[in-house]
>>> print(open('data_2.cif').read())   # mmCIF, C-alpha atoms
data_work
#
loop_
_atom_site.label_atom_id
_atom_site.label_comp_id
_atom_site.auth_asym_id
_atom_site.auth_seq_id
_atom_site.Cartn_x
_atom_site.Cartn_y
_atom_site.Cartn_z
CA MET A 89 -46.10 -50.54 35.52
CA ILE A 90 -44.10 -47.33 35.13
CA SER A 91 -46.16 -44.56 33.55
CA ARG A 92 -44.83 -42.55 30.62
CA ARG A 93 -44.72 -39.45 32.84
CA SER A 94 -42.73 -41.30 35.53
CA PHE A 95 -40.37 -42.71 32.92
CA ILE A 96 -39.69 -39.26 31.46
CA LEU A 97 -39.24 -37.76 34.93
CA ASN A 98 -36.85 -40.51 36.04
CA SER A 99 -34.92 -40.29 32.78
CA SER A 100 -34.59 -36.53 33.15
CA MET A 101 -33.36 -36.89 36.72
CA ALA A 102 -30.83 -39.51 35.64
CA ALA A 103 -29.58 -37.28 32.85
CA ALA A 104 -29.24 -34.35 35.22
CA ALA A 105 -27.37 -36.52 37.69
CA ALA A 106 -25.02 -37.67 34.95
CA LEU A 107 -24.03 -34.07 34.31
CA LEU A 108 -22.93 -33.77 37.92
CA VAL A 109 -20.70 -36.83 37.80
CA PRO A 110 -17.03 -35.88 37.42
CA SER A 111 -15.45 -36.88 34.13
CA PHE A 112 -12.69 -38.72 35.99
CA VAL A 113 -14.74 -41.68 37.24
CA PHE A 114 -11.65 -43.56 38.43
CA ALA A 115 -11.00 -41.00 41.14
CA ALA A 116 -14.61 -40.22 41.99
CA ASP A 117 -15.29 -43.88 42.71
CA LYS A 118 -12.05 -44.89 44.37
CA LYS A 119 -10.85 -41.63 45.94
CA VAL A 120 -7.41 -42.46 44.60
CA VAL A 121 -4.90 -39.77 45.53
CA GLY A 122 -1.20 -40.15 44.75
CA LEU A 123 1.88 -38.55 46.30
CA GLN A 124 5.15 -37.59 44.65
CA LEU A 125 7.60 -38.89 47.25
CA TYR A 126 9.97 -35.98 46.63
CA SER A 127 7.64 -34.09 48.95
CA LEU A 128 9.21 -36.10 51.79
CA ARG A 129 12.79 -35.99 50.48
CA ASP A 130 14.30 -35.09 53.88
CA GLU A 131 12.64 -37.94 55.78
CA LEU A 132 12.57 -40.73 53.22
CA PRO A 133 16.31 -41.53 52.88
CA LYS A 134 16.64 -41.66 56.68
CA ASP A 135 13.73 -44.03 57.27
CA VAL A 136 12.30 -45.55 54.10
CA LYS A 137 10.00 -48.06 55.79
CA GLY A 138 8.67 -45.64 58.41
CA THR A 139 8.05 -42.89 55.88
CA ILE A 140 6.20 -45.15 53.45
CA ALA A 141 4.00 -46.32 56.33
CA LYS A 142 3.17 -42.66 57.10
CA VAL A 143 2.25 -42.07 53.45
CA ALA A 144 -0.27 -44.91 53.56
CA LYS A 145 -1.64 -43.74 56.89
CA ALA A 146 -2.14 -40.24 55.46
CA GLY A 147 -4.66 -41.68 52.99
CA PHE A 148 -2.64 -42.01 49.79
CA LYS A 149 -3.11 -45.05 47.57
CA GLU A 150 -0.46 -44.31 44.95
CA VAL A 151 3.03 -42.89 44.96
CA GLU A 152 5.42 -41.55 42.35
CA THR A 153 9.03 -42.43 43.05
CA TYR A 154 12.14 -40.32 42.66
CA GLY A 155 15.81 -40.74 43.49
CA PHE A 156 16.51 -44.08 41.81
CA SER A 157 20.16 -44.69 40.95
CA ILE A 158 21.96 -47.69 39.49
CA LYS A 159 24.27 -47.74 42.51
CA ASP A 160 21.91 -47.15 45.44
CA GLN A 161 18.63 -48.23 43.79
CA PHE A 162 15.74 -46.93 45.95
CA TRP A 163 17.53 -45.58 49.05
CA GLY A 164 19.36 -48.86 49.53
CA LEU A 165 16.43 -51.09 48.61
CA THR A 166 16.32 -53.04 45.38
CA PRO A 167 13.26 -52.50 43.18
CA LYS A 168 11.98 -55.90 44.34
CA GLU A 169 12.42 -54.94 48.01
CA PHE A 170 10.83 -51.54 47.48
CA LYS A 171 7.89 -53.13 45.67
CA ALA A 172 7.39 -55.47 48.64
CA LEU A 173 7.38 -52.45 50.97
CA LEU A 174 4.76 -50.68 48.88
CA ASP A 175 2.64 -53.83 48.73
CA ALA A 176 2.82 -54.22 52.50
CA ASN A 177 1.38 -50.72 52.86
CA GLY A 178 -1.31 -51.05 50.20
CA LEU A 179 0.44 -48.66 47.80
CA LYS A 180 1.08 -48.75 44.07
CA ALA A 181 3.67 -46.81 42.08
CA PRO A 182 2.21 -46.12 38.63
CA SER A 183 5.01 -43.69 37.81
CA GLY A 184 8.55 -42.79 38.80
CA HIS A 185 10.85 -39.84 38.13
CA TYR A 186 14.10 -41.17 36.74
CA GLY A 187 17.15 -39.02 36.05
CA LEU A 188 17.95 -39.53 32.38
CA GLY A 189 20.38 -36.65 31.98
CA THR A 190 23.13 -38.74 30.40
CA TYR A 191 20.78 -40.21 27.83
CA LEU A 192 19.31 -36.82 26.94
CA ALA A 193 22.78 -35.29 26.62
CA ASP A 194 24.62 -37.92 24.60
CA GLY A 195 22.24 -40.80 23.88
CA ASN A 196 23.83 -43.31 26.28
CA THR A 197 20.97 -45.68 27.13
CA THR A 198 22.43 -47.22 30.31
CA GLU A 199 20.36 -45.05 32.69
CA LEU A 200 17.26 -45.38 30.54
CA LYS A 201 17.40 -49.17 30.41
CA ALA A 202 18.00 -49.36 34.18
CA ALA A 203 15.00 -47.08 34.77
CA ILE A 204 12.74 -49.18 32.55
CA ALA A 205 13.88 -52.35 34.30
CA ALA A 206 13.20 -50.87 37.75
CA ALA A 207 9.79 -49.60 36.65
CA LYS A 208 8.88 -53.05 35.35
CA VAL A 209 9.69 -54.62 38.74
CA LEU A 210 7.57 -52.01 40.54
CA GLY A 211 4.67 -52.69 38.19
CA SER A 212 4.72 -49.08 37.03
CA GLU A 213 3.04 -47.78 33.92
CA TYR A 214 5.40 -44.84 33.38
CA VAL A 215 9.03 -43.81 33.39
CA THR A 216 8.91 -40.04 33.72
CA ILE A 217 11.61 -37.52 32.81
CA PRO A 218 11.69 -34.98 35.67
CA TRP A 219 14.13 -32.33 34.50
CA LEU A 220 16.27 -30.99 31.67
CA ASP A 221 19.72 -29.75 32.55
CA GLU A 222 20.18 -26.13 31.54
CA SER A 223 23.23 -27.01 29.44
CA ILE A 224 21.14 -28.97 26.92
CA ARG A 225 18.17 -26.57 26.49
CA LYS A 226 19.61 -23.23 25.44
CA ASN A 227 17.60 -22.67 22.26
CA ALA A 228 14.90 -24.03 19.96
CA ASP A 229 17.29 -26.37 18.19
CA ASP A 230 18.25 -27.90 21.54
CA TYR A 231 14.59 -28.58 22.30
CA LYS A 232 14.14 -30.18 18.89
CA LYS A 233 17.06 -32.52 19.58
CA ILE A 234 15.61 -33.34 23.01
CA ALA A 235 12.23 -34.14 21.41
CA VAL A 236 13.93 -36.63 19.08
CA ARG A 237 15.72 -38.28 22.01
CA ILE A 238 12.52 -38.44 24.06
CA ASN A 239 10.71 -40.02 21.14
CA GLU A 240 13.39 -42.68 20.80
CA ALA A 241 13.24 -43.33 24.55
CA GLY A 242 9.48 -43.68 24.22
CA LYS A 243 9.90 -46.36 21.56
CA LEU A 244 12.36 -48.25 23.76
CA ALA A 245 10.03 -48.00 26.74
CA LYS A 246 6.99 -49.10 24.74
CA ALA A 247 8.84 -52.19 23.55
CA ALA A 248 9.23 -53.10 27.23
CA GLY A 249 5.57 -52.43 28.03
CA ILE A 250 6.18 -49.04 29.69
CA ARG A 251 5.07 -45.53 28.71
CA LEU A 252 7.47 -42.59 28.75
CA ALA A 253 6.29 -39.26 30.14
CA TYR A 254 7.75 -35.78 30.47
CA HIS A 255 7.29 -33.59 33.56
CA ASN A 256 7.52 -29.81 33.20
CA HIS A 257 8.71 -26.91 35.31
CA ASN A 258 8.28 -23.31 34.14
CA PHE A 259 11.40 -22.87 32.00
CA GLU A 260 9.84 -24.86 29.13
CA PHE A 261 7.31 -22.03 28.64
CA GLU A 262 9.98 -19.43 27.91
CA LYS A 263 9.92 -18.10 24.35
CA GLN A 264 12.17 -19.78 21.81
CA GLY A 265 11.69 -17.50 18.81
CA ASN A 266 7.99 -17.60 17.92
CA THR A 267 7.32 -20.74 19.97
CA THR A 268 8.21 -22.21 23.36
CA GLY A 269 10.25 -25.19 24.47
CA TYR A 270 7.07 -26.89 25.66
CA GLU A 271 5.34 -26.46 22.30
CA ILE A 272 8.39 -27.94 20.59
CA LEU A 273 8.29 -30.97 22.89
CA LEU A 274 4.55 -31.46 22.41
CA LYS A 275 4.70 -31.18 18.63
CA GLY A 276 8.02 -32.98 18.26
CA THR A 277 7.01 -36.14 20.11
CA ASP A 278 4.65 -38.86 18.96
CA LYS A 279 1.65 -39.49 21.19
CA LYS A 280 2.00 -43.20 20.44
CA PHE A 281 5.22 -43.17 22.49
CA VAL A 282 5.26 -40.09 24.75
CA ASP A 283 2.82 -38.73 27.35
CA PHE A 284 3.10 -35.62 29.48
CA GLU A 285 2.82 -35.17 33.23
CA LEU A 286 1.52 -31.65 33.70
CA ASP A 287 2.72 -29.87 36.82
CA LEU A 288 -0.23 -27.56 37.40
CA TYR A 289 1.65 -25.26 39.77
CA TRP A 290 4.42 -24.57 37.28
CA VAL A 291 1.95 -24.02 34.44
CA VAL A 292 0.06 -21.41 36.46
CA ARG A 293 3.31 -19.92 37.81
CA SER A 294 4.54 -19.43 34.23
CA GLY A 295 1.37 -17.48 33.38
CA ASN A 296 -0.31 -20.22 31.37
CA ASP A 297 -3.71 -21.90 31.61
CA PRO A 298 -3.86 -25.71 32.09
CA ILE A 299 -7.33 -25.93 30.56
CA LYS A 300 -6.14 -24.12 27.42
CA LEU A 301 -3.36 -26.71 27.14
CA PHE A 302 -5.93 -29.50 27.49
CA LYS A 303 -8.04 -28.04 24.68
CA GLU A 304 -5.05 -27.61 22.39
CA ASN A 305 -3.57 -31.04 23.15
CA PRO A 306 -6.44 -33.32 24.22
CA GLY A 307 -5.50 -36.62 25.78
CA ARG A 308 -1.77 -35.97 26.13
CA PHE A 309 -1.62 -35.12 29.83
CA THR A 310 -2.12 -38.54 31.37
CA MET A 311 -0.67 -37.49 34.74
CA TRP A 312 -0.70 -34.31 36.82
CA HIS A 313 1.21 -32.85 39.73
CA VAL A 314 -1.18 -31.11 42.09
CA LYS A 315 0.46 -28.50 44.29
CA ASP A 316 -0.97 -25.18 45.34
CA MET A 317 0.57 -21.71 45.20
CA ASP A 318 0.98 -19.54 48.29
CA LYS A 319 -1.26 -16.46 48.05
CA ALA A 320 1.33 -14.07 49.45
CA ASN A 321 4.42 -15.45 47.71
CA PRO A 322 3.92 -17.37 44.43
CA ALA A 323 7.43 -18.83 44.76
CA LEU A 324 6.19 -20.91 47.69
CA ASN A 325 3.84 -23.87 47.80
CA ALA A 326 0.71 -24.14 49.92
CA GLU A 327 -1.46 -26.99 51.10
CA VAL A 328 -4.02 -27.76 48.39
CA GLY A 329 -7.12 -25.68 49.04
CA THR A 330 -5.33 -22.91 50.92
CA GLY A 331 -3.49 -21.33 47.99
CA SER A 332 -4.39 -19.31 44.91
CA ILE A 333 -5.03 -22.11 42.40
CA ASN A 334 -8.66 -23.11 41.84
CA PHE A 335 -8.38 -26.84 41.14
CA LYS A 336 -12.08 -27.64 40.74
CA PRO A 337 -12.49 -26.38 37.15
CA ILE A 338 -9.18 -28.05 36.24
CA PHE A 339 -10.31 -31.42 37.61
CA ALA A 340 -13.62 -30.96 35.77
CA GLN A 341 -11.61 -31.20 32.54
CA ALA A 342 -9.71 -34.35 33.54
CA LYS A 343 -11.25 -36.41 30.75
CA LEU A 344 -10.24 -33.86 28.11
CA SER A 345 -6.73 -33.87 29.55
CA GLY A 346 -6.50 -37.65 29.43
CA MET A 347 -5.53 -37.76 33.11
CA LYS A 348 -5.21 -41.25 34.60
CA HIS A 349 -3.18 -40.51 37.72
CA PHE A 350 -2.37 -37.42 39.74
CA PHE A 351 0.14 -36.84 42.50
CA VAL A 352 0.15 -34.30 45.27
CA GLU A 353 3.51 -32.58 45.50
CA HIS A 354 4.68 -30.12 48.14
CA GLU A 355 8.24 -28.80 48.03
CA THR A 356 8.36 -25.67 50.21
CA ASN A 357 6.55 -23.82 53.00
CA TYR A 358 5.36 -26.87 54.94
CA LYS A 359 2.73 -26.30 57.62
CA PRO A 360 3.35 -27.69 60.18
CA ASN A 361 5.77 -30.20 58.58
CA PRO A 362 6.09 -32.23 55.35
CA ILE A 363 3.85 -35.15 56.31
CA GLY A 364 1.33 -32.74 57.86
CA SER A 365 1.20 -30.66 54.68
CA VAL A 366 0.66 -33.55 52.29
CA THR A 367 -1.91 -35.12 54.63
CA ALA A 368 -3.91 -31.87 54.65
CA SER A 369 -3.79 -31.76 50.84
CA CYS A 370 -4.96 -35.35 50.58
CA VAL A 371 -7.89 -34.73 52.93
CA PHE A 372 -8.97 -31.59 51.04
CA ILE A 373 -8.83 -33.28 47.63
CA LYS A 374 -10.90 -36.25 48.78
CA LYS A 375 -13.48 -34.07 50.51
CA GLU A 376 -13.77 -31.09 48.19
CA ILE A 377 -12.66 -32.16 44.71
CA LEU A 378 -13.16 -35.88 44.02
#
>>> encode(input="data_2.cif", output="structure tokens")
Amino acid sequence: MISRRSFILNSSMAAAAALLVPSFVFAADKKVVGLQLYSLRDELPKDVKGTIAKVAKAGFKEVETYGFSIKDQFWGLTPKEFKALLDANGLKAPSGHYGLGTYLADGNTTELKAAIAAAKVLGSEYVTIPWLDESIRKNADDYKKIAVRINEAGKLAKAAGIRLAYHNHNFEFEKQGNTTGYEILLKGTDKKFVDFELDLYWVVRSGNDPIKLFKENPGRFTMWHVKDMDKANPALNAEVGTGSINFKPIFAQAKLSGMKHFFVEHETNYKPNPIGSVTASCVFIKKEIL
């Protein structure tokens, strides 16, 4: 029989242990690390199959696509063929960056519908908007119009069983009167239809605090981009763990953020090369953060 003292001691130990468990159980248990394939943009179009095999070998379990077009699909592969390639390498694609510039500019839904259809074939959860052309985001009114369009796209995506997400750079944090473009997008979109993919590098680069954003908008940042900032030159990336961003306290707030997936991204300053850089980031995250 367990004595009362032993019960209290064991219960206290269990409670203490629970405090040490990361709030993002999905990652802590499965060591799931994703990669934004744009990191390998020079290699991928030349050798899609070989590059995807290298991604799996590097230790990634998820990828985020980019580069889809109605004409060329995924670098010459149809969504069905690309899905088969991912399956063969034990990879899933929960999200993809899809260029929706035409839709955001004039409301033409051709690109949007093609993106949703491709995402459905891949088994993705998200269609993610990666960029806003400068011509359509010149002032606060422009951002308000964009928010309306994004909301409508979110409704269309939801009807197809897909979520819509928005990925930031740093320009969204520029002042638009007494607010910012990012605040307009957050407040002007309905969380029932639109999520946000927070690029942690660009948030820090713009002088903002990711954790402050989490506290002000809990649950809205269901995906992250994880890329580090070079200590000597903030305009350059660094392998995760070697730069100036401290990711541990950010990951500790994953539950508050709403984060379900995150993707390593590395765009510049590769050491020794693109696949080497993302592999090093993957290893560090699994060992030191998850």
>>> resolve_selection(input="data_2.cif", expression="the PyMOL selection byres ((chain A and resi 135-145) around 9)", output="list in words")
Leu123, Leu125, Leu128, Glu131, Leu132, Pro133, Lys134, Ala146, Gly147, Phe148, Lys149, Glu150, Val151, Phe162, Trp163, Leu165, Leu173, Leu174, Ala176, Asn177, Gly178, Leu179, Ile363, Val366 and Thr367 of chain A
>>> resolve_selection(input="data_2.cif", expression="the PyMOL selection byres ((chain A and resi 273) around 10)", output="PyMOL selection string")
chain A and resi 231-236+238-239+254+260+268-272+274-278+282+284
>>> write_last_selection(input="data_2.cif", atoms="C-alpha atoms", output="PDB file, in the frame of the given file")
ATOM      1  CA  TYR A 231      14.590 -28.580  22.300  1.00  0.00           C
ATOM      2  CA  LYS A 232      14.140 -30.180  18.890  1.00  0.00           C
ATOM      3  CA  LYS A 233      17.060 -32.520  19.580  1.00  0.00           C
ATOM      4  CA  ILE A 234      15.610 -33.340  23.010  1.00  0.00           C
ATOM      5  CA  ALA A 235      12.230 -34.140  21.410  1.00  0.00           C
ATOM      6  CA  VAL A 236      13.930 -36.630  19.080  1.00  0.00           C
ATOM      7  CA  ILE A 238      12.520 -38.440  24.060  1.00  0.00           C
ATOM      8  CA  ASN A 239      10.710 -40.020  21.140  1.00  0.00           C
ATOM      9  CA  TYR A 254       7.750 -35.780  30.470  1.00  0.00           C
ATOM     10  CA  GLU A 260       9.840 -24.860  29.130  1.00  0.00           C
ATOM     11  CA  THR A 268       8.210 -22.210  23.360  1.00  0.00           C
ATOM     12  CA  GLY A 269      10.250 -25.190  24.470  1.00  0.00           C
ATOM     13  CA  TYR A 270       7.070 -26.890  25.660  1.00  0.00           C
ATOM     14  CA  GLU A 271       5.340 -26.460  22.300  1.00  0.00           C
ATOM     15  CA  ILE A 272       8.390 -27.940  20.590  1.00  0.00           C
ATOM     16  CA  LEU A 274       4.550 -31.460  22.410  1.00  0.00           C
ATOM     17  CA  LYS A 275       4.700 -31.180  18.630  1.00  0.00           C
ATOM     18  CA  GLY A 276       8.020 -32.980  18.260  1.00  0.00           C
ATOM     19  CA  THR A 277       7.010 -36.140  20.110  1.00  0.00           C
ATOM     20  CA  ASP A 278       4.650 -38.860  18.960  1.00  0.00           C
ATOM     21  CA  VAL A 282       5.260 -40.090  24.750  1.00  0.00           C
ATOM     22  CA  PHE A 284       3.100 -35.620  29.480  1.00  0.00           C
TER      23      PHE A 284
END
>>> residues_around(input="data_2.cif", residues="His354 in chain A", least_positions_apart="3", cutoff="10 Å", atoms="all atoms listed in the file", output="list in words")
Leu123, Gln124, Leu125, Tyr126, Ser127, Leu128, His313, Val314, Lys315, Asp316, Met317, Leu324, Asn325, Ala326, Glu327, Val328, Phe351, Asn357, Tyr358, Pro362, Ile363, Ser365, Val366 and Ser369 of chain A
>>> resolve_selection(input="data_2.cif", expression="the PyMOL selection byres ((chain A and resi 191) around 10)", output="list in words")
Gly187, Leu188, Gly189, Thr190, Leu192, Ala193, Asp194, Gly195, Asn196, Thr197, Thr198, Glu199, Leu200, Lys201, Ile234, Arg237, Ile238 and Ala241 of chain A
>>> closest_residue(input="data_2.cif", among="A:Val291, A:Val215, A:Ala172, A:Val120", to="Phe156 in chain A", atoms="only C-alpha atoms")
A:Val215
>>> atom_distance(input="data_2.cif", atom1="CA of Met347 in chain A", atom2="CA of Ser157 in chain A")
27.7 Å
>>> closest_residue(input="data_2.cif", among="A:Glu376, A:Glu285, A:Glu222, A:Glu353", to="His255 in chain A", atoms="only C-alpha atoms")
A:Glu285
>>> build_atoms(input="data_2.cif", residues="range 288-324 of chain A", atoms="N, CA and C atoms", output="compact mmCIF listing (two decimals), keeping the file's coordinate frame")
# COMPACT_ATOMS: atom_id res chain seq x y z
N LEU A 288 0.73 -28.66 37.46
CA LEU A 288 -0.23 -27.56 37.40
C LEU A 288 0.31 -26.29 38.04
N TYR A 289 1.06 -26.43 39.11
CA TYR A 289 1.65 -25.26 39.77
C TYR A 289 2.57 -24.51 38.82
N TRP A 290 3.46 -25.24 38.16
CA TRP A 290 4.42 -24.57 37.28
C TRP A 290 3.76 -23.98 36.05
N VAL A 291 2.69 -24.60 35.57
CA VAL A 291 1.95 -24.02 34.44
C VAL A 291 1.36 -22.68 34.85
N VAL A 292 0.67 -22.65 35.99
CA VAL A 292 0.06 -21.41 36.46
C VAL A 292 1.15 -20.38 36.79
N ARG A 293 2.21 -20.81 37.44
CA ARG A 293 3.31 -19.92 37.81
C ARG A 293 3.93 -19.26 36.57
N SER A 294 3.95 -19.97 35.46
CA SER A 294 4.54 -19.43 34.23
C SER A 294 3.58 -18.51 33.49
N GLY A 295 2.35 -18.36 34.01
CA GLY A 295 1.37 -17.48 33.38
C GLY A 295 0.50 -18.14 32.34
N ASN A 296 0.48 -19.48 32.36
CA ASN A 296 -0.31 -20.22 31.37
C ASN A 296 -1.54 -20.87 32.02
N ASP A 297 -2.43 -21.34 31.18
CA ASP A 297 -3.71 -21.90 31.61
C ASP A 297 -3.74 -23.40 31.31
N PRO A 298 -3.82 -24.26 32.33
CA PRO A 298 -3.86 -25.71 32.09
C PRO A 298 -5.00 -26.12 31.18
N ILE A 299 -6.17 -25.53 31.35
CA ILE A 299 -7.33 -25.93 30.56
C ILE A 299 -7.12 -25.59 29.08
N LYS A 300 -6.47 -24.49 28.80
CA LYS A 300 -6.14 -24.12 27.42
C LYS A 300 -5.21 -25.17 26.81
N LEU A 301 -4.25 -25.65 27.61
CA LEU A 301 -3.36 -26.71 27.14
C LEU A 301 -4.14 -27.98 26.85
N PHE A 302 -5.10 -28.31 27.71
CA PHE A 302 -5.93 -29.50 27.49
C PHE A 302 -6.66 -29.40 26.16
N LYS A 303 -7.24 -28.23 25.90
CA LYS A 303 -8.04 -28.04 24.68
C LYS A 303 -7.17 -28.12 23.43
N GLU A 304 -5.94 -27.61 23.54
CA GLU A 304 -5.05 -27.61 22.39
C GLU A 304 -4.37 -28.96 22.16
N ASN A 305 -4.26 -29.75 23.24
CA ASN A 305 -3.57 -31.04 23.15
C ASN A 305 -4.36 -32.12 23.90
N PRO A 306 -5.58 -32.38 23.48
CA PRO A 306 -6.44 -33.32 24.22
C PRO A 306 -5.83 -34.71 24.34
N GLY A 307 -5.92 -35.25 25.54
CA GLY A 307 -5.50 -36.62 25.78
C GLY A 307 -4.03 -36.82 26.06
N ARG A 308 -3.22 -35.78 26.00
CA ARG A 308 -1.77 -35.97 26.13
C ARG A 308 -1.26 -35.89 27.56
N PHE A 309 -2.08 -35.35 28.46
CA PHE A 309 -1.62 -35.12 29.83
C PHE A 309 -2.18 -36.21 30.75
N THR A 310 -1.57 -37.38 30.67
CA THR A 310 -2.12 -38.54 31.37
C THR A 310 -1.83 -38.53 32.87
N MET A 311 -0.94 -37.64 33.30
CA MET A 311 -0.67 -37.49 34.74
C MET A 311 -0.56 -36.00 35.06
N TRP A 312 -0.85 -35.68 36.33
CA TRP A 312 -0.70 -34.31 36.82
C TRP A 312 0.09 -34.30 38.13
N HIS A 313 0.74 -33.18 38.39
CA HIS A 313 1.21 -32.85 39.73
C HIS A 313 0.28 -31.78 40.28
N VAL A 314 -0.23 -32.03 41.46
CA VAL A 314 -1.18 -31.11 42.09
C VAL A 314 -0.49 -30.49 43.30
N LYS A 315 -0.07 -29.25 43.15
CA LYS A 315 0.46 -28.50 44.29
C LYS A 315 -0.01 -27.07 44.17
N ASP A 316 -0.36 -26.50 45.31
CA ASP A 316 -0.97 -25.18 45.34
C ASP A 316 0.09 -24.09 45.46
N MET A 317 -0.32 -22.86 45.20
CA MET A 317 0.57 -21.71 45.20
C MET A 317 0.21 -20.77 46.36
N ASP A 318 1.20 -20.43 47.16
CA ASP A 318 0.98 -19.54 48.29
C ASP A 318 0.42 -18.20 47.80
N LYS A 319 -0.60 -17.70 48.48
CA LYS A 319 -1.26 -16.46 48.05
C LYS A 319 -0.36 -15.24 48.19
N ALA A 320 0.48 -15.23 49.21
CA ALA A 320 1.33 -14.07 49.45
C ALA A 320 2.61 -14.10 48.64
N ASN A 321 3.16 -15.30 48.43
CA ASN A 321 4.42 -15.45 47.71
C ASN A 321 4.31 -16.60 46.72
N PRO A 322 4.10 -16.32 45.44
CA PRO A 322 3.92 -17.37 44.43
C PRO A 322 5.10 -18.34 44.31
N ALA A 323 6.27 -17.94 44.83
CA ALA A 323 7.43 -18.83 44.76
C ALA A 323 7.33 -19.98 45.76
N LEU A 324 6.36 -19.89 46.66
CA LEU A 324 6.19 -20.91 47.69
C LEU A 324 4.96 -21.76 47.41
